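The file target_38.cif comes next; it holds mmCIF, C-alpha atoms and all ligand atoms.
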```cif
data_structure
#
loop_
_atom_site.group_PDB
_atom_site.id
_atom_site.type_symbol
_atom_site.label_atom_id
_atom_site.label_comp_id
_atom_site.auth_asym_id
_atom_site.auth_seq_id
_atom_site.Cartn_x
_atom_site.Cartn_y
_atom_site.Cartn_z
ATOM 1 C CA MET A 1 61.237 -45.543 -5.630
ATOM 2 C CA MET A 2 58.697 -46.146 -8.377
ATOM 3 C CA THR A 3 55.069 -45.559 -7.427
ATOM 4 C CA MET A 4 52.523 -47.805 -9.040
ATOM 5 C CA PRO A 5 49.780 -45.901 -10.862
ATOM 6 C CA ARG A 6 46.419 -46.369 -9.153
ATOM 7 C CA THR A 7 44.309 -48.691 -11.312
ATOM 8 C CA ARG A 8 41.217 -46.848 -12.485
ATOM 9 C CA ARG A 9 37.975 -48.628 -11.799
ATOM 10 C CA SER A 10 35.700 -49.217 -14.735
ATOM 11 C CA ILE A 11 31.927 -49.568 -14.991
ATOM 12 C CA GLY A 12 30.458 -52.118 -17.378
ATOM 13 C CA PHE A 13 26.833 -52.159 -18.528
ATOM 14 C CA ILE A 14 25.354 -55.450 -19.668
ATOM 15 C CA GLY A 15 22.461 -54.373 -21.890
ATOM 16 C CA ALA A 16 22.915 -51.043 -23.664
ATOM 17 C CA GLY A 17 19.250 -50.051 -23.852
ATOM 18 C CA LYS A 18 17.236 -47.076 -22.665
ATOM 19 C CA MET A 19 18.133 -47.125 -18.969
ATOM 20 C CA ALA A 20 21.812 -47.910 -19.516
ATOM 21 C CA THR A 21 22.035 -45.043 -22.015
ATOM 22 C CA ALA A 22 20.444 -42.658 -19.549
ATOM 23 C CA LEU A 23 22.658 -43.799 -16.674
ATOM 24 C CA ILE A 24 25.816 -43.500 -18.786
ATOM 25 C CA ALA A 25 24.854 -39.949 -19.789
ATOM 26 C CA GLY A 26 24.491 -38.984 -16.115
ATOM 27 C CA ILE A 27 27.683 -40.710 -15.023
ATOM 28 C CA LEU A 28 29.705 -38.924 -17.698
ATOM 29 C CA SER A 29 28.117 -35.556 -17.011
ATOM 30 C CA SER A 30 29.208 -35.855 -13.362
ATOM 31 C CA GLY A 31 32.800 -35.593 -14.595
ATOM 32 C CA LEU A 32 33.862 -38.256 -12.077
ATOM 33 C CA TRP A 33 34.167 -40.872 -14.782
ATOM 34 C CA LYS A 34 35.666 -40.580 -18.255
ATOM 35 C CA PRO A 35 34.403 -42.351 -21.404
ATOM 36 C CA GLN A 36 37.410 -44.694 -21.217
ATOM 37 C CA ASP A 37 36.168 -45.877 -17.775
ATOM 38 C CA ILE A 38 32.836 -47.072 -19.203
ATOM 39 C CA LEU A 39 32.133 -50.266 -21.107
ATOM 40 C CA ALA A 40 28.935 -51.696 -22.523
ATOM 41 C CA SER A 41 27.860 -54.979 -24.046
ATOM 42 C CA ASP A 42 24.625 -55.731 -25.870
ATOM 43 C CA ARG A 43 23.457 -58.507 -28.134
ATOM 44 C CA HIS A 44 22.579 -55.978 -30.852
ATOM 45 C CA PRO A 45 25.474 -54.452 -32.831
ATOM 46 C CA ALA A 46 23.281 -51.396 -33.478
ATOM 47 C CA SER A 47 22.788 -50.771 -29.740
ATOM 48 C CA ARG A 48 26.518 -51.065 -29.154
ATOM 49 C CA ALA A 49 27.252 -48.668 -32.010
ATOM 50 C CA LYS A 50 24.709 -46.189 -30.659
ATOM 51 C CA VAL A 51 26.299 -45.837 -27.211
ATOM 52 C CA ARG A 52 29.804 -45.927 -28.674
ATOM 53 C CA LYS A 53 28.986 -43.019 -30.961
ATOM 54 C CA ALA A 54 26.959 -41.085 -28.391
ATOM 55 C CA PHE A 55 29.478 -41.258 -25.555
ATOM 56 C CA GLY A 56 32.828 -42.406 -26.972
ATOM 57 C CA ILE A 57 32.783 -45.363 -24.560
ATOM 58 C CA ARG A 58 34.179 -48.822 -25.307
ATOM 59 C CA THR A 59 31.806 -51.582 -26.302
ATOM 60 C CA VAL A 60 32.346 -55.329 -26.413
ATOM 61 C CA LYS A 61 30.399 -58.019 -28.176
ATOM 62 C CA ASP A 62 29.980 -60.436 -25.323
ATOM 63 C CA ASN A 63 29.102 -60.195 -21.665
ATOM 64 C CA ARG A 64 32.004 -62.380 -20.593
ATOM 65 C CA THR A 65 34.622 -60.007 -21.989
ATOM 66 C CA LEU A 66 32.815 -57.139 -20.289
ATOM 67 C CA SER A 67 32.742 -58.993 -16.971
ATOM 68 C CA GLN A 68 36.451 -59.647 -17.230
ATOM 69 C CA LYS A 69 37.318 -56.026 -17.977
ATOM 70 C CA ALA A 70 34.894 -54.125 -15.719
ATOM 71 C CA SER A 71 35.373 -53.785 -11.978
ATOM 72 C CA ILE A 72 31.737 -52.737 -11.408
ATOM 73 C CA ILE A 73 28.996 -54.433 -13.424
ATOM 74 C CA PHE A 74 25.526 -53.040 -14.089
ATOM 75 C CA LEU A 75 22.847 -55.562 -15.023
ATOM 76 C CA SER A 76 20.693 -53.413 -17.287
ATOM 77 C CA VAL A 77 18.736 -56.032 -19.216
ATOM 78 C CA LYS A 78 15.024 -56.775 -18.825
ATOM 79 C CA PRO A 79 14.084 -58.975 -15.835
ATOM 80 C CA GLN A 80 13.364 -61.961 -18.095
ATOM 81 C CA ASP A 81 16.954 -61.861 -19.410
ATOM 82 C CA ILE A 82 18.645 -61.723 -16.004
ATOM 83 C CA ASP A 83 19.052 -65.486 -15.488
ATOM 84 C CA ALA A 84 20.774 -65.948 -18.840
ATOM 85 C CA VAL A 85 23.166 -63.092 -18.101
ATOM 86 C CA LEU A 86 23.955 -64.385 -14.608
ATOM 87 C CA SER A 87 24.827 -67.848 -15.839
ATOM 88 C CA ASP A 88 26.859 -66.323 -18.656
ATOM 89 C CA ILE A 89 29.084 -64.209 -16.374
ATOM 90 C CA LYS A 90 28.991 -66.208 -13.130
ATOM 91 C CA ASP A 91 32.634 -67.300 -12.908
ATOM 92 C CA LEU A 92 34.000 -63.947 -14.081
ATOM 93 C CA ALA A 93 31.843 -61.595 -12.009
ATOM 94 C CA GLU A 94 32.234 -63.389 -8.705
ATOM 95 C CA GLY A 95 33.690 -61.175 -6.016
ATOM 96 C CA LYS A 96 32.819 -57.997 -7.937
ATOM 97 C CA LEU A 97 30.289 -55.257 -7.236
ATOM 98 C CA VAL A 98 27.208 -56.000 -9.343
ATOM 99 C CA ILE A 99 24.374 -53.453 -9.538
ATOM 100 C CA SER A 100 21.035 -54.706 -10.820
ATOM 101 C CA ILE A 101 18.333 -52.344 -12.067
ATOM 102 C CA ALA A 102 15.998 -55.169 -13.112
ATOM 103 C CA ALA A 103 12.516 -54.645 -11.663
ATOM 104 C CA GLY A 104 11.302 -57.394 -9.355
ATOM 105 C CA ILE A 105 14.546 -59.373 -9.217
ATOM 106 C CA SER A 106 15.368 -59.848 -5.543
ATOM 107 C CA LEU A 107 18.779 -59.670 -3.936
ATOM 108 C CA GLY A 108 18.227 -63.245 -2.699
ATOM 109 C CA ARG A 109 17.806 -64.497 -6.240
ATOM 110 C CA LEU A 110 20.902 -62.643 -7.431
ATOM 111 C CA GLU A 111 22.954 -63.843 -4.469
ATOM 112 C CA ASN A 112 21.834 -67.440 -5.010
ATOM 113 C CA ALA A 113 23.071 -67.277 -8.580
ATOM 114 C CA MET A 114 26.590 -66.186 -7.753
ATOM 115 C CA ASP A 115 28.914 -64.946 -5.094
ATOM 116 C CA ALA A 116 29.138 -61.226 -5.856
ATOM 117 C CA ARG A 117 28.447 -58.012 -3.892
ATOM 118 C CA PHE A 118 24.971 -57.065 -5.153
ATOM 119 C CA ILE A 119 23.084 -53.787 -4.963
ATOM 120 C CA ARG A 120 19.505 -53.619 -6.222
ATOM 121 C CA VAL A 121 18.322 -50.331 -7.703
ATOM 122 C CA MET A 122 14.910 -49.075 -8.767
ATOM 123 C CA PRO A 123 15.544 -46.197 -11.180
ATOM 124 C CA ASN A 124 12.895 -44.216 -13.039
ATOM 125 C CA THR A 125 12.546 -42.861 -16.555
ATOM 126 C CA PRO A 126 13.401 -39.180 -15.842
ATOM 127 C CA CYS A 127 16.916 -40.614 -15.665
ATOM 128 C CA LEU A 128 16.853 -39.777 -19.388
ATOM 129 C CA VAL A 129 17.080 -36.083 -18.485
ATOM 130 C CA GLY A 130 19.219 -36.387 -15.354
ATOM 131 C CA GLU A 131 16.236 -36.053 -12.991
ATOM 132 C CA MET A 132 15.933 -39.619 -11.762
ATOM 133 C CA ALA A 133 14.328 -40.560 -8.460
ATOM 134 C CA SER A 134 15.908 -43.859 -7.462
ATOM 135 C CA ALA A 135 16.118 -46.107 -4.455
ATOM 136 C CA PHE A 136 18.640 -48.810 -3.726
ATOM 137 C CA SER A 137 18.975 -51.758 -1.347
ATOM 138 C CA LEU A 138 22.225 -53.314 -0.275
ATOM 139 C CA GLY A 139 22.914 -57.020 -0.472
ATOM 140 C CA LYS A 140 25.050 -58.916 2.007
ATOM 141 C CA ASN A 141 28.809 -58.348 1.806
ATOM 142 C CA VAL A 142 28.424 -54.870 0.291
ATOM 143 C CA THR A 143 31.075 -52.558 1.725
ATOM 144 C CA VAL A 144 30.835 -48.934 2.836
ATOM 145 C CA LYS A 145 32.956 -48.051 -0.201
ATOM 146 C CA ASP A 146 30.485 -49.859 -2.497
ATOM 147 C CA GLU A 147 27.605 -47.892 -0.989
ATOM 148 C CA ARG A 148 29.467 -44.613 -1.434
ATOM 149 C CA LEU A 149 30.145 -45.533 -5.036
ATOM 150 C CA VAL A 150 26.539 -46.399 -5.882
ATOM 151 C CA ARG A 151 25.362 -43.197 -4.191
ATOM 152 C CA SER A 152 27.743 -41.170 -6.334
ATOM 153 C CA ILE A 153 26.760 -42.961 -9.558
ATOM 154 C CA LEU A 154 23.007 -42.663 -8.944
ATOM 155 C CA GLY A 155 23.366 -39.176 -7.488
ATOM 156 C CA SER A 156 24.921 -38.003 -10.750
ATOM 157 C CA ASN A 157 21.522 -38.722 -12.317
ATOM 158 C CA GLY A 158 19.258 -37.140 -9.726
ATOM 159 C CA LEU A 159 18.073 -38.323 -6.317
ATOM 160 C CA SER A 160 18.909 -41.655 -4.707
ATOM 161 C CA ILE A 161 17.820 -42.987 -1.346
ATOM 162 C CA LYS A 162 18.640 -46.198 0.525
ATOM 163 C CA VAL A 163 15.685 -48.396 1.490
ATOM 164 C CA LYS A 164 15.187 -51.828 2.993
ATOM 165 C CA GLU A 165 14.515 -54.305 0.208
ATOM 166 C CA ALA A 166 11.024 -54.966 1.606
ATOM 167 C CA ARG A 167 10.164 -51.369 0.622
ATOM 168 C CA MET A 168 11.070 -51.860 -3.050
ATOM 169 C CA ASP A 169 7.472 -52.656 -4.074
ATOM 170 C CA ALA A 170 6.291 -49.378 -2.537
ATOM 171 C CA VAL A 171 9.148 -47.553 -4.301
ATOM 172 C CA THR A 172 8.140 -49.206 -7.570
ATOM 173 C CA ALA A 173 4.544 -48.033 -7.110
ATOM 174 C CA LEU A 174 5.523 -44.452 -6.220
ATOM 175 C CA SER A 175 8.609 -43.454 -8.203
ATOM 176 C CA GLY A 176 9.004 -46.365 -10.649
ATOM 177 C CA SER A 177 5.479 -46.009 -12.056
ATOM 178 C CA GLY A 178 5.087 -42.415 -10.860
ATOM 179 C CA PRO A 179 6.203 -40.665 -14.061
ATOM 180 C CA ALA A 180 3.300 -42.323 -15.896
ATOM 181 C CA PHE A 181 0.850 -41.325 -13.151
ATOM 182 C CA PHE A 182 1.931 -37.674 -13.293
ATOM 183 C CA ALA A 183 1.850 -37.769 -17.109
ATOM 184 C CA TYR A 184 -1.721 -39.096 -16.965
ATOM 185 C CA PHE A 185 -2.749 -36.280 -14.630
ATOM 186 C CA ILE A 186 -1.145 -33.735 -16.950
ATOM 187 C CA GLU A 187 -3.027 -35.197 -19.895
ATOM 188 C CA ARG A 188 -6.335 -34.930 -18.040
ATOM 189 C CA MET A 189 -5.574 -31.313 -17.015
ATOM 190 C CA VAL A 190 -4.707 -30.460 -20.615
ATOM 191 C CA ARG A 191 -7.905 -32.001 -21.997
ATOM 192 C CA SER A 192 -9.987 -30.250 -19.359
ATOM 193 C CA SER A 193 -8.414 -26.861 -20.011
ATOM 194 C CA MET A 194 -8.974 -27.344 -23.753
ATOM 195 C CA LYS A 195 -12.667 -27.709 -22.939
ATOM 196 C CA VAL A 196 -12.580 -24.245 -21.379
ATOM 197 C CA GLY A 197 -10.848 -22.638 -24.324
ATOM 198 C CA LEU A 198 -7.092 -23.294 -24.415
ATOM 199 C CA GLY A 199 -5.329 -24.554 -27.543
ATOM 200 C CA LYS A 200 -3.600 -27.934 -27.241
ATOM 201 C CA ASP A 201 -0.016 -26.694 -27.581
ATOM 202 C CA ASP A 202 -0.469 -23.858 -25.113
ATOM 203 C CA ALA A 203 -2.211 -26.173 -22.670
ATOM 204 C CA TYR A 204 0.617 -28.731 -22.829
ATOM 205 C CA ALA A 205 3.314 -26.089 -22.463
ATOM 206 C CA LEU A 206 1.607 -24.477 -19.466
ATOM 207 C CA ALA A 207 0.734 -27.771 -17.744
ATOM 208 C CA ILE A 208 4.221 -29.242 -18.128
ATOM 209 C CA GLN A 209 5.971 -26.083 -16.931
ATOM 210 C CA THR A 210 3.549 -25.839 -14.002
ATOM 211 C CA CYS A 211 4.342 -29.429 -13.027
ATOM 212 C CA LEU A 212 8.089 -28.790 -13.322
ATOM 213 C CA GLY A 213 7.914 -25.532 -11.387
ATOM 214 C CA THR A 214 5.791 -27.054 -8.635
ATOM 215 C CA GLY A 215 8.255 -29.898 -8.158
ATOM 216 C CA LYS A 216 11.202 -27.504 -8.070
ATOM 217 C CA LEU A 217 9.460 -25.202 -5.612
ATOM 218 C CA LEU A 218 8.639 -28.070 -3.264
ATOM 219 C CA ARG A 219 12.158 -29.456 -3.499
ATOM 220 C CA ASP A 220 14.262 -26.299 -3.495
ATOM 221 C CA ARG A 221 12.308 -24.430 -0.805
ATOM 222 C CA LYS A 222 11.676 -27.647 1.173
ATOM 223 C CA LEU A 223 7.961 -26.843 1.303
ATOM 224 C CA LEU A 224 5.246 -29.237 2.341
ATOM 225 C CA PRO A 225 2.497 -29.592 -0.278
ATOM 226 C CA SER A 226 0.076 -28.023 2.234
ATOM 227 C CA GLU A 227 2.373 -24.965 2.530
ATOM 228 C CA LEU A 228 2.526 -24.573 -1.239
ATOM 229 C CA ILE A 229 -1.248 -24.913 -1.480
ATOM 230 C CA ALA A 230 -1.581 -22.151 1.134
ATOM 231 C CA MET A 231 0.716 -19.929 -0.982
ATOM 232 C CA VAL A 232 -1.489 -20.346 -4.068
ATOM 233 C CA LYS A 233 -4.926 -20.436 -2.496
ATOM 234 C CA SER A 234 -6.836 -17.428 -1.290
ATOM 235 C CA LYS A 235 -10.243 -17.244 0.321
ATOM 236 C CA GLY A 236 -12.977 -17.246 -2.296
ATOM 237 C CA GLY A 237 -10.432 -17.586 -5.120
ATOM 238 C CA THR A 238 -10.072 -19.891 -8.116
ATOM 239 C CA THR A 239 -7.738 -22.416 -6.452
ATOM 240 C CA GLU A 240 -10.104 -22.844 -3.538
ATOM 241 C CA ALA A 241 -12.993 -23.377 -5.955
ATOM 242 C CA GLY A 242 -11.029 -26.024 -7.877
ATOM 243 C CA LEU A 243 -9.733 -27.847 -4.814
ATOM 244 C CA ASP A 244 -13.141 -27.834 -3.096
ATOM 245 C CA SER A 245 -14.613 -29.369 -6.220
ATOM 246 C CA LEU A 246 -11.855 -32.020 -6.335
ATOM 247 C CA LYS A 247 -12.385 -32.912 -2.669
ATOM 248 C CA ARG A 248 -16.056 -33.592 -3.342
ATOM 249 C CA THR A 249 -15.020 -36.377 -5.749
ATOM 250 C CA ALA A 250 -13.457 -39.743 -4.951
ATOM 251 C CA PHE A 251 -10.043 -38.375 -5.921
ATOM 252 C CA ASN A 252 -8.229 -39.313 -2.689
ATOM 253 C CA ALA A 253 -9.601 -42.837 -2.716
ATOM 254 C CA ASN A 254 -8.737 -43.202 -6.395
ATOM 255 C CA VAL A 255 -5.133 -42.163 -5.811
ATOM 256 C CA GLU A 256 -4.899 -44.598 -2.911
ATOM 257 C CA GLN A 257 -6.240 -47.383 -5.123
ATOM 258 C CA MET A 258 -3.830 -46.511 -7.918
ATOM 259 C CA ILE A 259 -0.777 -46.789 -5.639
ATOM 260 C CA ALA A 260 -2.142 -49.934 -3.976
ATOM 261 C CA ALA A 261 -2.753 -51.593 -7.365
ATOM 262 C CA ALA A 262 0.777 -50.809 -8.579
ATOM 263 C CA TYR A 263 2.185 -52.052 -5.254
ATOM 264 C CA ARG A 264 0.232 -55.315 -5.465
ATOM 265 C CA ARG A 265 1.345 -55.879 -9.070
ATOM 266 C CA SER A 266 4.966 -55.249 -8.165
ATOM 267 C CA LYS A 267 4.671 -57.830 -5.373
ATOM 268 C CA GLU A 268 3.105 -60.338 -7.773
ATOM 269 C CA LEU A 269 5.785 -59.805 -10.413
ATOM 270 C CA GLY A 270 8.537 -60.159 -7.830
ATOM 271 C CA LYS A 271 7.069 -63.307 -6.271
ATOM 272 C CA HIS A 272 9.488 -65.494 -8.104
ATOM 273 C CA GLY A 273 12.180 -62.837 -7.898
HETATM 274 N N1 LIG A 301 12.531 -48.276 -18.696
HETATM 275 C C1 LIG A 301 12.157 -47.897 -17.468
HETATM 276 O O1 LIG A 301 11.424 -46.930 -17.243
HETATM 277 C C2 LIG A 301 12.669 -48.655 -16.259
HETATM 278 C C3 LIG A 301 12.353 -48.191 -14.967
HETATM 279 C C4 LIG A 301 12.839 -48.896 -13.873
HETATM 280 C C5 LIG A 301 13.622 -50.040 -14.076
HETATM 281 N N2 LIG A 301 13.901 -50.456 -15.331
HETATM 282 C C6 LIG A 301 14.693 -51.676 -15.502
HETATM 283 O O2 LIG A 301 15.805 -51.391 -16.326
HETATM 284 C C7 LIG A 301 16.163 -52.582 -17.036
HETATM 285 C C8 LIG A 301 16.480 -52.209 -18.471
HETATM 286 O O3 LIG A 301 15.329 -51.629 -19.048
HETATM 287 P P1 LIG A 301 15.405 -50.854 -20.448
HETATM 288 O O4 LIG A 301 14.100 -50.194 -20.604
HETATM 289 O O5 LIG A 301 16.674 -50.074 -20.541
HETATM 290 O O6 LIG A 301 15.513 -52.134 -21.460
HETATM 291 P P2 LIG A 301 15.976 -52.155 -22.983
HETATM 292 O O7 LIG A 301 15.903 -50.782 -23.580
HETATM 293 O O8 LIG A 301 15.230 -53.278 -23.628
HETATM 294 O O9 LIG A 301 17.542 -52.531 -22.912
HETATM 295 C C9 LIG A 301 18.046 -53.805 -22.620
HETATM 296 C C10 LIG A 301 19.038 -54.186 -23.726
HETATM 297 O O10 LIG A 301 19.733 -55.372 -23.324
HETATM 298 C C11 LIG A 301 19.730 -56.290 -24.415
HETATM 299 N N3 LIG A 301 19.901 -57.665 -23.931
HETATM 300 C C12 LIG A 301 18.959 -58.537 -23.502
HETATM 301 N N4 LIG A 301 19.519 -59.696 -23.140
HETATM 302 C C13 LIG A 301 20.846 -59.556 -23.323
HETATM 303 C C14 LIG A 301 21.958 -60.419 -23.097
HETATM 304 N N5 LIG A 301 21.801 -61.666 -22.647
HETATM 305 N N6 LIG A 301 23.176 -59.958 -23.392
HETATM 306 C C15 LIG A 301 23.364 -58.688 -23.887
HETATM 307 N N7 LIG A 301 22.345 -57.835 -24.110
HETATM 308 C C16 LIG A 301 21.106 -58.258 -23.830
HETATM 309 C C17 LIG A 301 18.387 -56.055 -25.036
HETATM 310 O O11 LIG A 301 18.249 -56.677 -26.289
HETATM 311 P P3 LIG A 301 16.730 -57.137 -26.767
HETATM 312 O O12 LIG A 301 16.068 -55.872 -27.187
HETATM 313 O O13 LIG A 301 16.975 -58.097 -27.882
HETATM 314 O O14 LIG A 301 16.066 -57.767 -25.591
HETATM 315 C C18 LIG A 301 18.348 -54.535 -25.061
HETATM 316 O O15 LIG A 301 19.111 -54.023 -26.136
HETATM 317 C C19 LIG A 301 14.986 -53.560 -16.895
HETATM 318 O O16 LIG A 301 15.355 -54.647 -16.085
HETATM 319 C C20 LIG A 301 13.896 -52.753 -16.213
HETATM 320 O O17 LIG A 301 13.170 -53.522 -15.269
HETATM 321 C C21 LIG A 301 13.447 -49.791 -16.438
#
```

Conversion result in structure tokens:
Amino acid sequence: MMTMPRTRRSIGFIGAGKMATALIAGILSSGLWKPQDILASDRHPASRAKVRKAFGIRTVKDNRTLSQKASIIFLSVKPQDIDAVLSDIKDLAEGKLVISIAAGISLGRLENAMDARFIRVMPNTPCLVGEMASAFSLGKNVTVKDERLVRSILGSNGLSIKVKEARMDAVTALSGSGPAFFAYFIERMVRSSMKVGLGKDDAYALAIQTCLGTGKLLRDRKLLPSELIAMVKSKGGTTEAGLDSLKRTAFNANVEQMIAAAYRRSKELGKHG
């Protein structure tokens, strides 16, 4: 008896920009998907050529062809372009798994536009180096298999956690905007250490590696920040002097305000989402 070959599923990216490029790199490096399983469409020939050359994936000119060919569709265009894409692919993408990474676009809005199985994802920029922190929310009709699939795709690029959609604004404030907040702190540490004698290049190299190492230590050893602080700090030492000085400032309140402001802005932007 002849056995039918199992049809391979394919992933299509609508919008071949920065985030799609980063996600494709992670997906391919996982080894679970081959370049021939990935498709991308973009309105710019140059963007299509770039991902074709970089990854050996297939590209198509229009979103409709992509929606016909791909079994899983990523919406990786800017939020303001989502409506146009949805109306473009509506009849072809219905019934498929559609994963949106567009900030502020709610599952309700996606589900109102067409009858597909939607998952909303908030990625972050370290996706570019395979160290993404992402969160996803499931729409109605999403199956257990769909969830497993999105976990494996996002997991190939770093960390992914499932959250209720109502938490997406908090996720946006913490991990969506977070890379910029950490980068700002690094910049301030660099400038301050230059004032006490370090050269710029050395200061950047040391600050960045310290940030990286601290994150890895917290993650890999499952330490609480307070436990790590206790490992570094000794009575009467330099760390204690620095932290005591920081605690005398409005640092904690400022951090709270920073997260609250990003959270509020995310809510505002998503109001019509
Ligand atoms: N970048 C981040 O750090 C980050 C973080 C979290 C979430 N996100 C989300 O990720 C999504 C993508 O962001 P990105 O930074 O990767 O954007 P991007 O680099 O601008 O990539 C989007 C690409 O899609 C193209 N495009 C727009 N409309 C199209 C259409 N109708 N058909 C085909 N192609 C179309 C764009 O062309 P044009 O240049 O002509 O518009 C652009 O080449 C956004 O929704 C954003 O909210 C990004």

Ligand LIG 301 (chain A), all listed atoms, 8 Å padding on each side: what axis-aligned box centre and edge lengths in Å to one decimal come out, as lines of an AutoDock Vina configuration file?
```
center_x = 17.4
center_y = -54.3
center_z = -20.9
size_x = 27.9
size_y = 30.7
size_z = 30.0
```

Which residues are near ligand LIG 301 (chain A) - at most 8 Å, using all atoms listed in the file? Format: as number ranges by chain. A: 14-21, 41-44, 47, 62-63, 75-82, 84-85, 88, 100-104, 121-125, 172, 176-177

Those residues with C-alpha atoms, as a short mmCIF file (atom, residue, chain, number, x, y, z; two decimals), keeping the file's coordinate frame please?
```
data_model
loop_
_atom_site.label_atom_id
_atom_site.label_comp_id
_atom_site.auth_asym_id
_atom_site.auth_seq_id
_atom_site.Cartn_x
_atom_site.Cartn_y
_atom_site.Cartn_z
CA ILE A 14 25.35 -55.45 -19.67
CA GLY A 15 22.46 -54.37 -21.89
CA ALA A 16 22.92 -51.04 -23.66
CA GLY A 17 19.25 -50.05 -23.85
CA LYS A 18 17.24 -47.08 -22.66
CA MET A 19 18.13 -47.12 -18.97
CA ALA A 20 21.81 -47.91 -19.52
CA THR A 21 22.04 -45.04 -22.02
CA SER A 41 27.86 -54.98 -24.05
CA ASP A 42 24.62 -55.73 -25.87
CA ARG A 43 23.46 -58.51 -28.13
CA HIS A 44 22.58 -55.98 -30.85
CA SER A 47 22.79 -50.77 -29.74
CA ASP A 62 29.98 -60.44 -25.32
CA ASN A 63 29.10 -60.20 -21.66
CA LEU A 75 22.85 -55.56 -15.02
CA SER A 76 20.69 -53.41 -17.29
CA VAL A 77 18.74 -56.03 -19.22
CA LYS A 78 15.02 -56.78 -18.82
CA PRO A 79 14.08 -58.98 -15.84
CA GLN A 80 13.36 -61.96 -18.10
CA ASP A 81 16.95 -61.86 -19.41
CA ILE A 82 18.64 -61.72 -16.00
CA ALA A 84 20.77 -65.95 -18.84
CA VAL A 85 23.17 -63.09 -18.10
CA ASP A 88 26.86 -66.32 -18.66
CA SER A 100 21.04 -54.71 -10.82
CA ILE A 101 18.33 -52.34 -12.07
CA ALA A 102 16.00 -55.17 -13.11
CA ALA A 103 12.52 -54.64 -11.66
CA GLY A 104 11.30 -57.39 -9.36
CA VAL A 121 18.32 -50.33 -7.70
CA MET A 122 14.91 -49.08 -8.77
CA PRO A 123 15.54 -46.20 -11.18
CA ASN A 124 12.90 -44.22 -13.04
CA THR A 125 12.55 -42.86 -16.56
CA THR A 172 8.14 -49.21 -7.57
CA GLY A 176 9.00 -46.36 -10.65
CA SER A 177 5.48 -46.01 -12.06
#
```

Ground truth for the PyMOL selection byres (((chain A and resi 27) around 10) and not hetatm), written as a ChimeraX atom specification: /A:11,21-26,28-35,38,130,152-157

If you count only C-alpha atoms, which residues fall within 12 Å of A:Lys267, apart from same-chain ones fewer than 2 positions away, as a PyMOL selection string? chain A and resi 103-106+165-173+260-265+269-273

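A straight line drawn from atom CA of A:Ser67 to atom CA of A:Val150 is 17.9 Å long.
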
Nearest to A:Thr214 by atom-to-atom distance, counting all atoms listed in the file, from A:Glu256, A:Glu147, A:Leu228, A:Ser193: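 When distances to A:Thr214 are compared using all atoms listed in the file, the smallest one comes from A:Leu228.
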
Who sits within 7 Å of A:Ile72, only C-alpha atoms, same chain under 3 positions skipped, as a list of chain:residue names: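 So the residues in contact are A:Ser10, A:Ile11, A:Gly12, A:Lys96, A:Leu97, A:Val98.
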
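You will find atom CA of A:Gly197 at 26.1 Å from atom CA of A:Gly215.
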